[in-house]
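Okay, protein_0.pdb now, which holds PDB, C-alpha atoms:
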MODEL        1
ATOM      1  CA  MET A   1     106.677 102.904 363.000
ATOM      2  CA  ALA A   2     108.398 104.655 365.901
ATOM      3  CA  ARG A   3     106.531 107.752 367.031
ATOM      4  CA  LEU A   4     107.345 110.835 369.060
ATOM      5  CA  ASP A   5     106.604 110.801 372.786
ATOM      6  CA  ARG A   6     105.301 113.717 374.833
ATOM      7  CA  GLU A   7     108.769 115.239 375.211
ATOM      8  CA  GLY A   8     109.604 115.096 371.506
ATOM      9  CA  GLY A   9     111.793 111.976 371.720
ATOM     10  CA  VAL A  10     111.189 108.824 369.740
ATOM     11  CA  ASP A  11     108.789 106.324 371.325
ATOM     12  CA  PHE A  12     109.794 102.694 370.734
ATOM     13  CA  SER A  13     106.641 101.063 372.130
ATOM     14  CA  GLY A  14     105.043 100.329 368.755
ATOM     15  CA  PRO A  15     104.681  96.577 368.021
ATOM     16  CA  ALA A  16     106.641  96.672 364.758
ATOM     17  CA  VAL A  17     109.505  98.686 366.230
ATOM     18  CA  LEU A  18     109.591  96.499 369.350
ATOM     19  CA  THR A  19     109.740  93.305 367.297
ATOM     20  CA  ALA A  20     112.362  94.583 364.840
ATOM     21  CA  GLY A  21     114.575  96.074 367.550
ATOM     22  CA  ALA A  22     114.363  93.110 369.918
ATOM     23  CA  ILE A  23     115.031  90.512 367.219
ATOM     24  CA  THR A  24     117.978  92.534 365.912
ATOM     25  CA  SER A  25     119.472  92.656 369.408
ATOM     26  CA  CYS A  26     118.944  88.933 369.974
ATOM     27  CA  LEU A  27     120.416  88.040 366.589
ATOM     28  CA  LEU A  28     123.542  90.018 367.457
ATOM     29  CA  TRP A  29     123.743  88.467 370.936
ATOM     30  CA  GLY A  30     123.244  85.025 369.428
ATOM     31  CA  SER A  31     126.284  85.603 367.213
ATOM     32  CA  ALA A  32     128.366  86.442 370.291
ATOM     33  CA  ILE A  33     128.134  82.849 371.557
ATOM     34  CA  PRO A  34     130.253  81.235 368.799
ATOM     35  CA  PHE A  35     132.431  84.330 368.385
ATOM     36  CA  VAL A  36     133.450  84.271 372.061
ATOM     37  CA  ARG A  37     134.452  80.634 371.745
ATOM     38  CA  MET A  38     136.406  81.341 368.554
ATOM     39  CA  GLY A  39     138.084  84.224 370.347
ATOM     40  CA  TYR A  40     139.216  81.841 373.076
ATOM     41  CA  GLN A  41     140.827  79.624 370.444
ATOM     42  CA  LEU A  42     142.574  82.427 368.552
ATOM     43  CA  LEU A  43     143.871  84.097 371.720
ATOM     44  CA  GLY A  44     145.053  80.867 373.327
ATOM     45  CA  ILE A  45     142.636  81.067 376.266
ATOM     46  CA  ASP A  46     142.098  77.708 377.960
ATOM     47  CA  ALA A  47     138.733  76.661 379.414
ATOM     48  CA  ALA A  48     140.258  76.593 382.912
ATOM     49  CA  ASP A  49     141.971  79.991 382.584
ATOM     50  CA  THR A  50     139.367  82.195 384.259
ATOM     51  CA  GLY A  51     141.701  85.189 384.579
ATOM     52  CA  SER A  52     142.353  85.356 380.835
ATOM     53  CA  GLN A  53     138.639  84.911 380.071
ATOM     54  CA  LEU A  54     137.839  87.923 382.259
ATOM     55  CA  LEU A  55     140.591  90.003 380.642
ATOM     56  CA  PHE A  56     139.035  89.234 377.268
ATOM     57  CA  ALA A  57     135.560  90.142 378.540
ATOM     58  CA  GLY A  58     136.729  93.319 380.273
ATOM     59  CA  THR A  59     138.494  94.553 377.149
ATOM     60  CA  ARG A  60     135.419  93.898 375.046
ATOM     61  CA  PHE A  61     133.000  95.736 377.292
ATOM     62  CA  PHE A  62     135.192  98.675 378.175
ATOM     63  CA  LEU A  63     135.736  99.348 374.458
ATOM     64  CA  ALA A  64     132.006  98.903 373.801
ATOM     65  CA  GLY A  65     131.152 101.419 376.523
ATOM     66  CA  LEU A  66     133.716 103.868 375.192
ATOM     67  CA  ALA A  67     132.248 103.515 371.693
ATOM     68  CA  VAL A  68     128.710 104.199 372.957
ATOM     69  CA  ALA A  69     129.835 107.192 375.054
ATOM     70  CA  VAL A  70     131.746 108.744 372.146
ATOM     71  CA  ALA A  71     128.886 108.151 369.695
ATOM     72  CA  HIS A  72     126.408 109.680 372.158
ATOM     73  CA  ALA A  73     128.654 112.711 372.711
ATOM     74  CA  VAL A  74     128.918 113.272 368.954
ATOM     75  CA  ALA A  75     125.169 112.807 368.398
ATOM     76  CA  THR A  76     124.197 115.198 371.215
ATOM     77  CA  ARG A  77     127.172 117.525 370.686
ATOM     78  CA  SER A  78     127.896 117.297 374.377
ATOM     79  CA  ALA A  79     130.961 115.727 375.993
ATOM     80  CA  ARG A  80     130.128 116.518 379.605
ATOM     81  CA  VAL A  81     130.388 113.875 382.321
ATOM     82  CA  PRO A  82     126.963 112.593 383.501
ATOM     83  CA  SER A  83     125.600 113.717 386.852
ATOM     84  CA  ARG A  84     126.379 111.814 390.040
ATOM     85  CA  ARG A  85     122.824 110.440 390.069
ATOM     86  CA  ASP A  86     123.159 109.103 386.511
ATOM     87  CA  LEU A  87     126.575 107.573 387.232
ATOM     88  CA  TRP A  88     125.190 105.868 390.347
ATOM     89  CA  ALA A  89     122.331 104.399 388.277
ATOM     90  CA  ALA A  90     124.808 103.165 385.648
ATOM     91  CA  PHE A  91     126.967 101.629 388.382
ATOM     92  CA  ARG A  92     124.047  99.689 389.847
ATOM     93  CA  ILE A  93     123.124  98.325 386.437
ATOM     94  CA  SER A  94     126.749  97.402 385.700
ATOM     95  CA  LEU A  95     126.931  95.235 388.830
ATOM     96  CA  PHE A  96     124.320  92.900 387.341
ATOM     97  CA  GLN A  97     124.593  93.517 383.601
ATOM     98  CA  THR A  98     128.233  93.747 382.565
ATOM     99  CA  PHE A  99     130.109  92.608 385.670
ATOM    100  CA  GLY A 100     127.786  90.034 387.252
ATOM    101  CA  GLN A 101     126.310  88.602 384.078
ATOM    102  CA  TYR A 102     129.511  88.265 382.125
ATOM    103  CA  LEU A 103     131.627  87.120 385.044
ATOM    104  CA  LEU A 104     129.339  84.078 385.081
ATOM    105  CA  TYR A 105     128.732  83.974 381.323
ATOM    106  CA  TYR A 106     132.331  83.841 380.134
ATOM    107  CA  ILE A 107     133.248  81.140 382.640
ATOM    108  CA  GLY A 108     130.102  79.155 381.860
ATOM    109  CA  LEU A 109     130.561  79.341 378.096
ATOM    110  CA  ALA A 110     134.109  77.994 378.432
ATOM    111  CA  HIS A 111     132.714  74.871 380.132
ATOM    112  CA  SER A 112     129.750  74.187 377.850
ATOM    113  CA  THR A 113     129.193  73.705 374.144
ATOM    114  CA  GLY A 114     128.101  76.656 372.037
ATOM    115  CA  VAL A 115     124.711  75.038 371.425
ATOM    116  CA  ASN A 116     123.998  74.182 375.069
ATOM    117  CA  GLY A 117     125.211  77.627 376.126
ATOM    118  CA  ALA A 118     122.707  79.211 373.764
ATOM    119  CA  ILE A 119     119.851  77.030 375.006
ATOM    120  CA  SER A 120     120.635  77.793 378.665
ATOM    121  CA  GLN A 121     120.124  81.521 378.113
ATOM    122  CA  GLY A 122     116.399  81.013 377.570
ATOM    123  CA  ILE A 123     115.695  81.137 381.308
ATOM    124  CA  ASP A 124     116.027  84.944 381.028
ATOM    125  CA  VAL A 125     112.360  85.415 380.129
ATOM    126  CA  PHE A 126     110.990  83.642 383.179
ATOM    127  CA  ALA A 127     113.495  85.345 385.493
ATOM    128  CA  SER A 128     112.691  88.797 384.065
ATOM    129  CA  LEU A 129     108.965  88.281 384.502
ATOM    130  CA  VAL A 130     109.262  87.158 388.132
ATOM    131  CA  ILE A 131     111.727  89.910 389.093
ATOM    132  CA  SER A 132     109.729  92.660 387.378
ATOM    133  CA  ALA A 133     106.302  91.586 388.624
ATOM    134  CA  VAL A 134     106.957  90.001 392.024
ATOM    135  CA  ILE A 135     110.030  91.803 393.378
ATOM    136  CA  PHE A 136     109.789  95.299 391.826
ATOM    137  CA  ARG A 137     106.029  95.257 391.071
ATOM    138  CA  MET A 138     106.550  97.123 387.795
ATOM    139  CA  GLU A 139     103.925  95.059 385.940
ATOM    140  CA  ARG A 140     101.256  92.457 386.642
ATOM    141  CA  LEU A 141     102.056  88.741 386.720
ATOM    142  CA  THR A 142      99.155  87.683 384.480
ATOM    143  CA  PRO A 143      98.283  84.018 383.766
ATOM    144  CA  GLN A 144      98.939  84.563 380.053
ATOM    145  CA  LYS A 145     102.470  85.808 380.678
ATOM    146  CA  VAL A 146     103.198  82.925 383.034
ATOM    147  CA  VAL A 147     101.883  80.363 380.540
ATOM    148  CA  GLY A 148     103.951  81.869 377.736
ATOM    149  CA  ALA A 149     107.104  81.858 379.840
ATOM    150  CA  LEU A 150     106.500  78.243 380.898
ATOM    151  CA  ILE A 151     105.926  77.120 377.308
ATOM    152  CA  GLY A 152     109.210  78.670 376.238
ATOM    153  CA  PHE A 153     111.064  77.221 379.205
ATOM    154  CA  CYS A 154     109.684  73.759 378.406
ATOM    155  CA  GLY A 155     111.259  74.195 374.998
ATOM    156  CA  ILE A 156     114.625  74.782 376.643
ATOM    157  CA  LEU A 157     114.260  71.673 378.802
ATOM    158  CA  LEU A 158     113.236  69.639 375.764
ATOM    159  CA  ALA A 159     116.278  70.831 373.813
ATOM    160  CA  ASP A 160     118.546  69.738 376.665
ATOM    161  CA  ALA A 161     116.805  66.352 376.820
ATOM    162  CA  GLY A 162     117.256  65.979 373.071
ATOM    163  CA  SER A 163     120.942  66.727 373.415
ATOM    164  CA  ARG A 164     121.327  63.993 376.023
ATOM    165  CA  ALA A 165     119.293  61.485 374.002
ATOM    166  CA  ALA A 166     121.486  62.133 370.963
ATOM    167  CA  GLY A 167     124.535  61.143 372.979
ATOM    168  CA  ALA A 168     125.991  64.604 373.591
ATOM    169  CA  GLY A 169     128.593  64.309 376.314
ATOM    170  CA  GLY A 170     128.489  66.023 379.637
ATOM    171  CA  GLY A 171     124.899  67.173 379.906
ATOM    172  CA  PHE A 172     124.218  69.867 382.496
ATOM    173  CA  THR A 173     127.140  71.063 384.655
ATOM    174  CA  LEU A 174     127.148  73.785 387.301
ATOM    175  CA  THR A 175     130.235  75.551 385.957
ATOM    176  CA  GLY A 176     128.970  75.237 382.372
ATOM    177  CA  GLU A 177     125.259  75.520 381.604
ATOM    178  CA  GLY A 178     124.584  76.317 385.274
ATOM    179  CA  PHE A 179     126.741  79.440 385.196
ATOM    180  CA  VAL A 180     125.185  80.529 381.890
ATOM    181  CA  MET A 181     121.734  80.241 383.509
ATOM    182  CA  LEU A 182     122.861  82.247 386.550
ATOM    183  CA  ALA A 183     124.241  84.840 384.150
ATOM    184  CA  THR A 184     120.822  85.201 382.547
ATOM    185  CA  VAL A 185     119.206  85.724 385.965
ATOM    186  CA  SER A 186     121.701  88.514 386.631
ATOM    187  CA  SER A 187     120.873  89.953 383.206
ATOM    188  CA  ALA A 188     117.148  89.794 383.994
ATOM    189  CA  LEU A 189     117.673  91.841 387.140
ATOM    190  CA  ALA A 190     119.719  94.349 385.121
ATOM    191  CA  SER A 191     116.865  94.645 382.605
ATOM    192  CA  VAL A 192     114.437  95.591 385.354
ATOM    193  CA  LEU A 193     116.878  98.168 386.738
ATOM    194  CA  THR A 194     117.416  99.573 383.241
ATOM    195  CA  ARG A 195     113.652  99.910 382.781
ATOM    196  CA  LYS A 196     113.460 101.756 386.101
ATOM    197  CA  TYR A 197     116.373 104.157 385.641
ATOM    198  CA  ALA A 198     115.811 104.837 381.920
ATOM    199  CA  GLN A 199     112.639 106.752 382.801
ATOM    200  CA  ASP A 200     114.805 109.618 384.105
ATOM    201  CA  THR A 201     118.202 109.029 382.470
ATOM    202  CA  ASP A 202     119.161 108.809 378.793
ATOM    203  CA  PRO A 203     119.403 105.055 378.006
ATOM    204  CA  MET A 204     122.564 105.655 375.959
ATOM    205  CA  VAL A 205     124.246 107.251 378.972
ATOM    206  CA  LEU A 206     123.323 104.237 381.092
ATOM    207  CA  CYS A 207     124.498 101.861 378.361
ATOM    208  CA  GLY A 208     127.905 103.435 377.747
ATOM    209  CA  TRP A 209     128.880 104.079 381.345
ATOM    210  CA  GLN A 210     127.642 100.766 382.749
ATOM    211  CA  PHE A 211     129.704  98.988 380.082
ATOM    212  CA  MET A 212     132.840 100.953 380.998
ATOM    213  CA  MET A 213     132.349 100.458 384.742
ATOM    214  CA  GLY A 214     131.643  96.756 384.382
ATOM    215  CA  GLY A 215     134.522  96.373 381.945
ATOM    216  CA  VAL A 216     136.955  97.878 384.434
ATOM    217  CA  GLY A 217     135.687  95.476 387.098
ATOM    218  CA  LEU A 218     136.188  92.472 384.814
ATOM    219  CA  LEU A 219     139.679  93.673 383.846
ATOM    220  CA  ALA A 220     140.595  94.057 387.516
ATOM    221  CA  CYS A 221     139.429  90.508 388.254
ATOM    222  CA  GLY A 222     141.367  89.209 385.269
ATOM    223  CA  VAL A 223     144.572  90.906 386.406
ATOM    224  CA  ALA A 224     144.083  89.680 389.988
ATOM    225  CA  LEU A 225     143.762  86.116 388.681
ATOM    226  CA  HIS A 226     146.987  86.508 386.636
ATOM    227  CA  GLY A 227     145.217  86.318 383.324
ATOM    228  CA  HIS A 228     147.056  86.835 380.065
ATOM    229  CA  VAL A 229     146.002  87.083 376.427
ATOM    230  CA  ALA A 230     148.177  86.208 373.454
ATOM    231  CA  THR A 231     149.053  88.958 370.982
ATOM    232  CA  PRO A 232     145.980  89.022 368.749
ATOM    233  CA  SER A 233     146.202  88.092 365.093
ATOM    234  CA  PRO A 234     144.207  90.049 362.484
ATOM    235  CA  ALA A 235     141.484  87.392 362.861
ATOM    236  CA  GLY A 236     141.524  87.822 366.649
ATOM    237  CA  LEU A 237     141.227  91.600 366.318
ATOM    238  CA  GLY A 238     138.352  91.118 363.908
ATOM    239  CA  ILE A 239     136.499  88.937 366.405
ATOM    240  CA  LEU A 240     137.101  91.475 369.188
ATOM    241  CA  ALA A 241     135.828  94.290 366.946
ATOM    242  CA  TRP A 242     132.690  92.290 366.140
ATOM    243  CA  LEU A 243     132.007  91.585 369.815
ATOM    244  CA  VAL A 244     132.486  95.262 370.692
ATOM    245  CA  MET A 245     129.983  96.209 367.986
ATOM    246  CA  VAL A 246     127.530  93.534 369.170
ATOM    247  CA  SER A 247     127.586  94.880 372.722
ATOM    248  CA  ALA A 248     127.309  98.536 371.761
ATOM    249  CA  VAL A 249     124.516  98.164 369.194
ATOM    250  CA  ALA A 250     122.460  95.352 370.746
ATOM    251  CA  TYR A 251     122.384  96.684 374.296
ATOM    252  CA  GLY A 252     121.876 100.255 373.068
ATOM    253  CA  ILE A 253     118.715  99.175 371.238
ATOM    254  CA  TRP A 254     117.636  96.984 374.172
ATOM    255  CA  SER A 255     117.975  99.869 376.658
ATOM    256  CA  VAL A 256     115.676 102.105 374.608
ATOM    257  CA  LEU A 257     113.121  99.307 374.220
ATOM    258  CA  LEU A 258     113.128  98.730 377.992
ATOM    259  CA  ARG A 259     112.494 102.429 378.562
ATOM    260  CA  ASP A 260     109.272 102.352 376.533
ATOM    261  CA  ASN A 261     107.874  98.848 377.157
ATOM    262  CA  ASP A 262     107.094  96.433 379.992
ATOM    263  CA  VAL A 263     110.075  94.236 380.819
ATOM    264  CA  SER A 264     108.150  91.064 379.951
ATOM    265  CA  ARG A 265     107.212  92.345 376.483
ATOM    266  CA  VAL A 266     110.879  92.991 375.697
ATOM    267  CA  SER A 267     112.524  90.083 377.508
ATOM    268  CA  VAL A 268     110.216  87.517 375.861
ATOM    269  CA  TYR A 269     112.254  87.972 372.692
ATOM    270  CA  THR A 270     115.296  86.502 374.426
ATOM    271  CA  PHE A 271     113.594  83.179 373.747
ATOM    272  CA  THR A 272     114.977  83.701 370.209
ATOM    273  CA  LEU A 273     118.527  83.552 371.583
ATOM    274  CA  PRO A 274     118.527  79.730 371.536
ATOM    275  CA  ILE A 275     117.304  79.855 367.925
ATOM    276  CA  PHE A 276     119.976  82.262 366.721
ATOM    277  CA  GLY A 277     122.651  80.878 369.031
ATOM    278  CA  VAL A 278     122.065  77.256 368.023
ATOM    279  CA  ILE A 279     122.008  77.992 364.301
ATOM    280  CA  LEU A 280     125.073  80.257 364.341
ATOM    281  CA  SER A 281     126.999  77.931 366.673
ATOM    282  CA  LEU A 282     126.350  74.992 364.373
ATOM    283  CA  LEU A 283     127.320  77.010 361.288
ATOM    284  CA  LEU A 284     130.510  78.475 362.772
ATOM    285  CA  LEU A 285     131.637  75.834 365.275
ATOM    286  CA  GLY A 286     130.160  72.566 364.051
ATOM    287  CA  ASP A 287     128.056  70.332 366.275
ATOM    288  CA  GLU A 288     130.675  70.106 369.092
ATOM    289  CA  GLY A 289     129.029  66.834 370.104
ATOM    290  CA  THR A 290     125.569  68.395 370.231
ATOM    291  CA  ALA A 291     123.323  66.980 367.550
ATOM    292  CA  LEU A 292     120.570  68.935 365.796
ATOM    293  CA  GLY A 293     117.726  66.424 365.857
ATOM    294  CA  PRO A 294     113.907  66.400 365.713
ATOM    295  CA  MET A 295     113.570  67.282 369.417
ATOM    296  CA  THR A 296     115.603  70.428 368.814
ATOM    297  CA  PHE A 297     113.129  71.662 366.212
ATOM    298  CA  VAL A 298     110.190  70.866 368.503
ATOM    299  CA  ALA A 299     111.950  72.798 371.272
ATOM    300  CA  LEU A 300     112.454  75.811 369.015
ATOM    301  CA  ALA A 301     108.772  75.669 368.029
ATOM    302  CA  LEU A 302     107.817  75.812 371.722
ATOM    303  CA  VAL A 303     110.160  78.783 372.191
ATOM    304  CA  SER A 304     108.420  80.633 369.343
ATOM    305  CA  LEU A 305     104.980  79.794 370.749
ATOM    306  CA  GLY A 306     106.030  81.151 374.147
ATOM    307  CA  ILE A 307     106.949  84.470 372.526
ATOM    308  CA  LEU A 308     103.571  84.737 370.812
ATOM    309  CA  VAL A 309     101.635  83.993 373.997
ATOM    310  CA  VAL A 310     103.434  86.654 376.063
ATOM    311  CA  GLU A 311     103.442  89.216 373.249
ATOM    312  CA  ARG A 312      99.669  88.919 372.843
ATOM    313  CA  ALA A 313      99.006  89.435 376.547
ATOM    314  CA  PRO A 314      96.822  92.535 377.160
ATOM    315  CA  ALA A 315      98.829  95.744 377.613
ATOM    316  CA  GLU A 316      99.198  96.961 381.222
TER     317      GLU A 316
ENDMDL
END
Just give me the structure as C-alpha cells.
Amino acid sequence: MARLDREGGVDFSGPAVLTAGAITSCLLWGSAIPFVRMGYQLLGIDAADTGSQLLFAGTRFFLAGLAVAVAHAVATRSARVPSRRDLWAAFRISLFQTFGQYLLYYIGLAHSTGVNGAISQGIDVFASLVISAVIFRMERLTPQKVVGALIGFCGILLADAGSRAAGAGGGFTLTGEGFVMLATVSSALASVLTRKYAQDTDPMVLCGWQFMMGGVGLLACGVALHGHVATPSPAGLGILAWLVMVSAVAYGIWSVLLRDNDVSRVSVYTFTLPIFGVILSLLLLGDEGTALGPMTFVALALVSLGILVVERAPAE
C-alpha cells in the first residue's frame, strides 16, 4: 500500500503501488498507439502531412495539460499561477517530454506500423538508465540493471527480426521506427528531469504546465507547416477525448512514481509498452502487414524477464 512520507504526503515507493501505477500508465500509453493512428484516419491526416499531425498532437496535449491544471486547482482549492522557478522547471521538461518526444513520435508513428511503433518504444529503459546513472549520476549503474535492460532490448530486436522474417514490408526506417526510438530517448531524458524537479515541485504542477507549454509549441509548429484538421466526427472527438485522458492520467501517475523511486525502477516498466501496444494494435488495427508469430512471443518473454531482473536489483 501507499504510505505517508515525512511531510504527510503519500509515498509511492512501495513495490505494489509502483507496479500497479506503472503498469496502469503503460497500458494507457499502449492504447495511444492505435488510437493515434485511428485519429489520423478519421481526421483525414495523411502520413506525409507533418503540419496536421503536429496540430493534432498539440491540441491533445494542451487540453490534457489544462485538464490536469484544473483538476489540481480543484483538489488543492488553489488557482494561483505557479512560481517562476516551477514554471521554468516545467518548461525544461516540456522541451523533451511533450514537445521533443511527440514531435518525433507523431511523425514516426505515421511512417511505421502500429506494432513496430510499439516495439520501437522499448529502447526507453536502456536510455533512461544510461542518462540517469551516467549523465546525471542520480543512481548507480549496477551490473544487474544493465543485464536486465539488455535482456529487454534483445527482446525488441528479436521482435523486429521476427517481423522481417514473417514478410512484413519496410522493416526499419529512419522516419518511422527510427523517429519513434529517438522520441523514447527524449522521453527518457524528460523522466530524469521530472525525477529531479519533482523533489521540490508538486508533480501535478509539472505535469499540467509542461503539457500546456509543449502543446502550444506543437500547435505553433503545426500552424507554421500549414497543417489542417478536418472537422471531427463524433468518433473523432471520442478518440481525442480518450487521448487527452490517457495523457493526463498516465503521465500524472508516472510523475508521482518518478518523484519517489529511482528512474530505472520506474522506467523498466516501459518494457510492457510493446506488450500492450502490440496486443491493442492488433486488436484495433489488424496486423497491418506485421505478423504475430512465435518469435514475437519469445520477444515479449524476454521483455518481461528484463523487467524482473531490473526490479529485483538491490535498492540504492
What does the distance between atom CA of A:Ala71 and atom CA of A:Thr184 come to in Å, to one decimal place?
-> 27.5 Å
Exactly which residues make up the result of the PyMOL selection byres ((chain A and resi 186) around 9) on this file, given as a PDB file with C-alpha atoms, keeping the file's coordinate frame?
ATOM      1  CA  LEU A  95     126.931  95.235 388.830  1.00  0.00           C
ATOM      2  CA  PHE A  96     124.320  92.900 387.341  1.00  0.00           C
ATOM      3  CA  GLN A  97     124.593  93.517 383.601  1.00  0.00           C
ATOM      4  CA  GLY A 100     127.786  90.034 387.252  1.00  0.00           C
ATOM      5  CA  GLN A 101     126.310  88.602 384.078  1.00  0.00           C
ATOM      6  CA  LEU A 104     129.339  84.078 385.081  1.00  0.00           C
ATOM      7  CA  ASP A 124     116.027  84.944 381.028  1.00  0.00           C
ATOM      8  CA  ALA A 127     113.495  85.345 385.493  1.00  0.00           C
ATOM      9  CA  MET A 181     121.734  80.241 383.509  1.00  0.00           C
ATOM     10  CA  LEU A 182     122.861  82.247 386.550  1.00  0.00           C
ATOM     11  CA  ALA A 183     124.241  84.840 384.150  1.00  0.00           C
ATOM     12  CA  THR A 184     120.822  85.201 382.547  1.00  0.00           C
ATOM     13  CA  VAL A 185     119.206  85.724 385.965  1.00  0.00           C
ATOM     14  CA  SER A 187     120.873  89.953 383.206  1.00  0.00           C
ATOM     15  CA  ALA A 188     117.148  89.794 383.994  1.00  0.00           C
ATOM     16  CA  LEU A 189     117.673  91.841 387.140  1.00  0.00           C
ATOM     17  CA  ALA A 190     119.719  94.349 385.121  1.00  0.00           C
ATOM     18  CA  SER A 191     116.865  94.645 382.605  1.00  0.00           C
TER      19      SER A 191
END
With distances taken over all atoms listed in the file, which of A:Ser247, A:Gln41, A:Ser78, A:Gln199 is nearest to A:Leu66?
-> A:Ser247
So which residues get picked by the PyMOL selection byres ((chain A and resi 108) around 6) here, written as a PDB file with C-alpha atoms, in the coordinates of the input?
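What follows is the written file selection_37.pdb:
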ATOM      1  CA  LEU A 104     129.339  84.078 385.081  1.00  0.00           C
ATOM      2  CA  TYR A 105     128.732  83.974 381.323  1.00  0.00           C
ATOM      3  CA  TYR A 106     132.331  83.841 380.134  1.00  0.00           C
ATOM      4  CA  ILE A 107     133.248  81.140 382.640  1.00  0.00           C
ATOM      5  CA  LEU A 109     130.561  79.341 378.096  1.00  0.00           C
ATOM      6  CA  ALA A 110     134.109  77.994 378.432  1.00  0.00           C
ATOM      7  CA  HIS A 111     132.714  74.871 380.132  1.00  0.00           C
ATOM      8  CA  THR A 175     130.235  75.551 385.957  1.00  0.00           C
ATOM      9  CA  GLY A 176     128.970  75.237 382.372  1.00  0.00           C
ATOM     10  CA  PHE A 179     126.741  79.440 385.196  1.00  0.00           C
ATOM     11  CA  VAL A 180     125.185  80.529 381.890  1.00  0.00           C
TER      12      VAL A 180
END
What's the 12 Å shell around A:Leu308, counting only C-alpha atoms, without same-chain residues fewer than 4 positions away, as a PyMOL selection string?
-> chain A and resi 19+144-145+147-149+151-152+265+268-269+271-272+301-304+312-313
Taking the file as shown, what set of residues would the PyMOL selection byres ((chain A and resi 87) around 10) give back, as a compact mmCIF listing (two decimals) with C-alpha atoms, in the coordinates of the input?
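Saved as result33.txt:
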# COMPACT_ATOMS: atom_id res chain seq x y z
CA VAL A 81 130.39 113.88 382.32
CA PRO A 82 126.96 112.59 383.50
CA SER A 83 125.60 113.72 386.85
CA ARG A 84 126.38 111.81 390.04
CA ARG A 85 122.82 110.44 390.07
CA ASP A 86 123.16 109.10 386.51
CA TRP A 88 125.19 105.87 390.35
CA ALA A 89 122.33 104.40 388.28
CA ALA A 90 124.81 103.16 385.65
CA PHE A 91 126.97 101.63 388.38
CA ARG A 92 124.05 99.69 389.85
CA ILE A 93 123.12 98.32 386.44
CA THR A 201 118.20 109.03 382.47
CA VAL A 205 124.25 107.25 378.97
CA LEU A 206 123.32 104.24 381.09
CA TRP A 209 128.88 104.08 381.34
CA GLN A 210 127.64 100.77 382.75
CA MET A 213 132.35 100.46 384.74
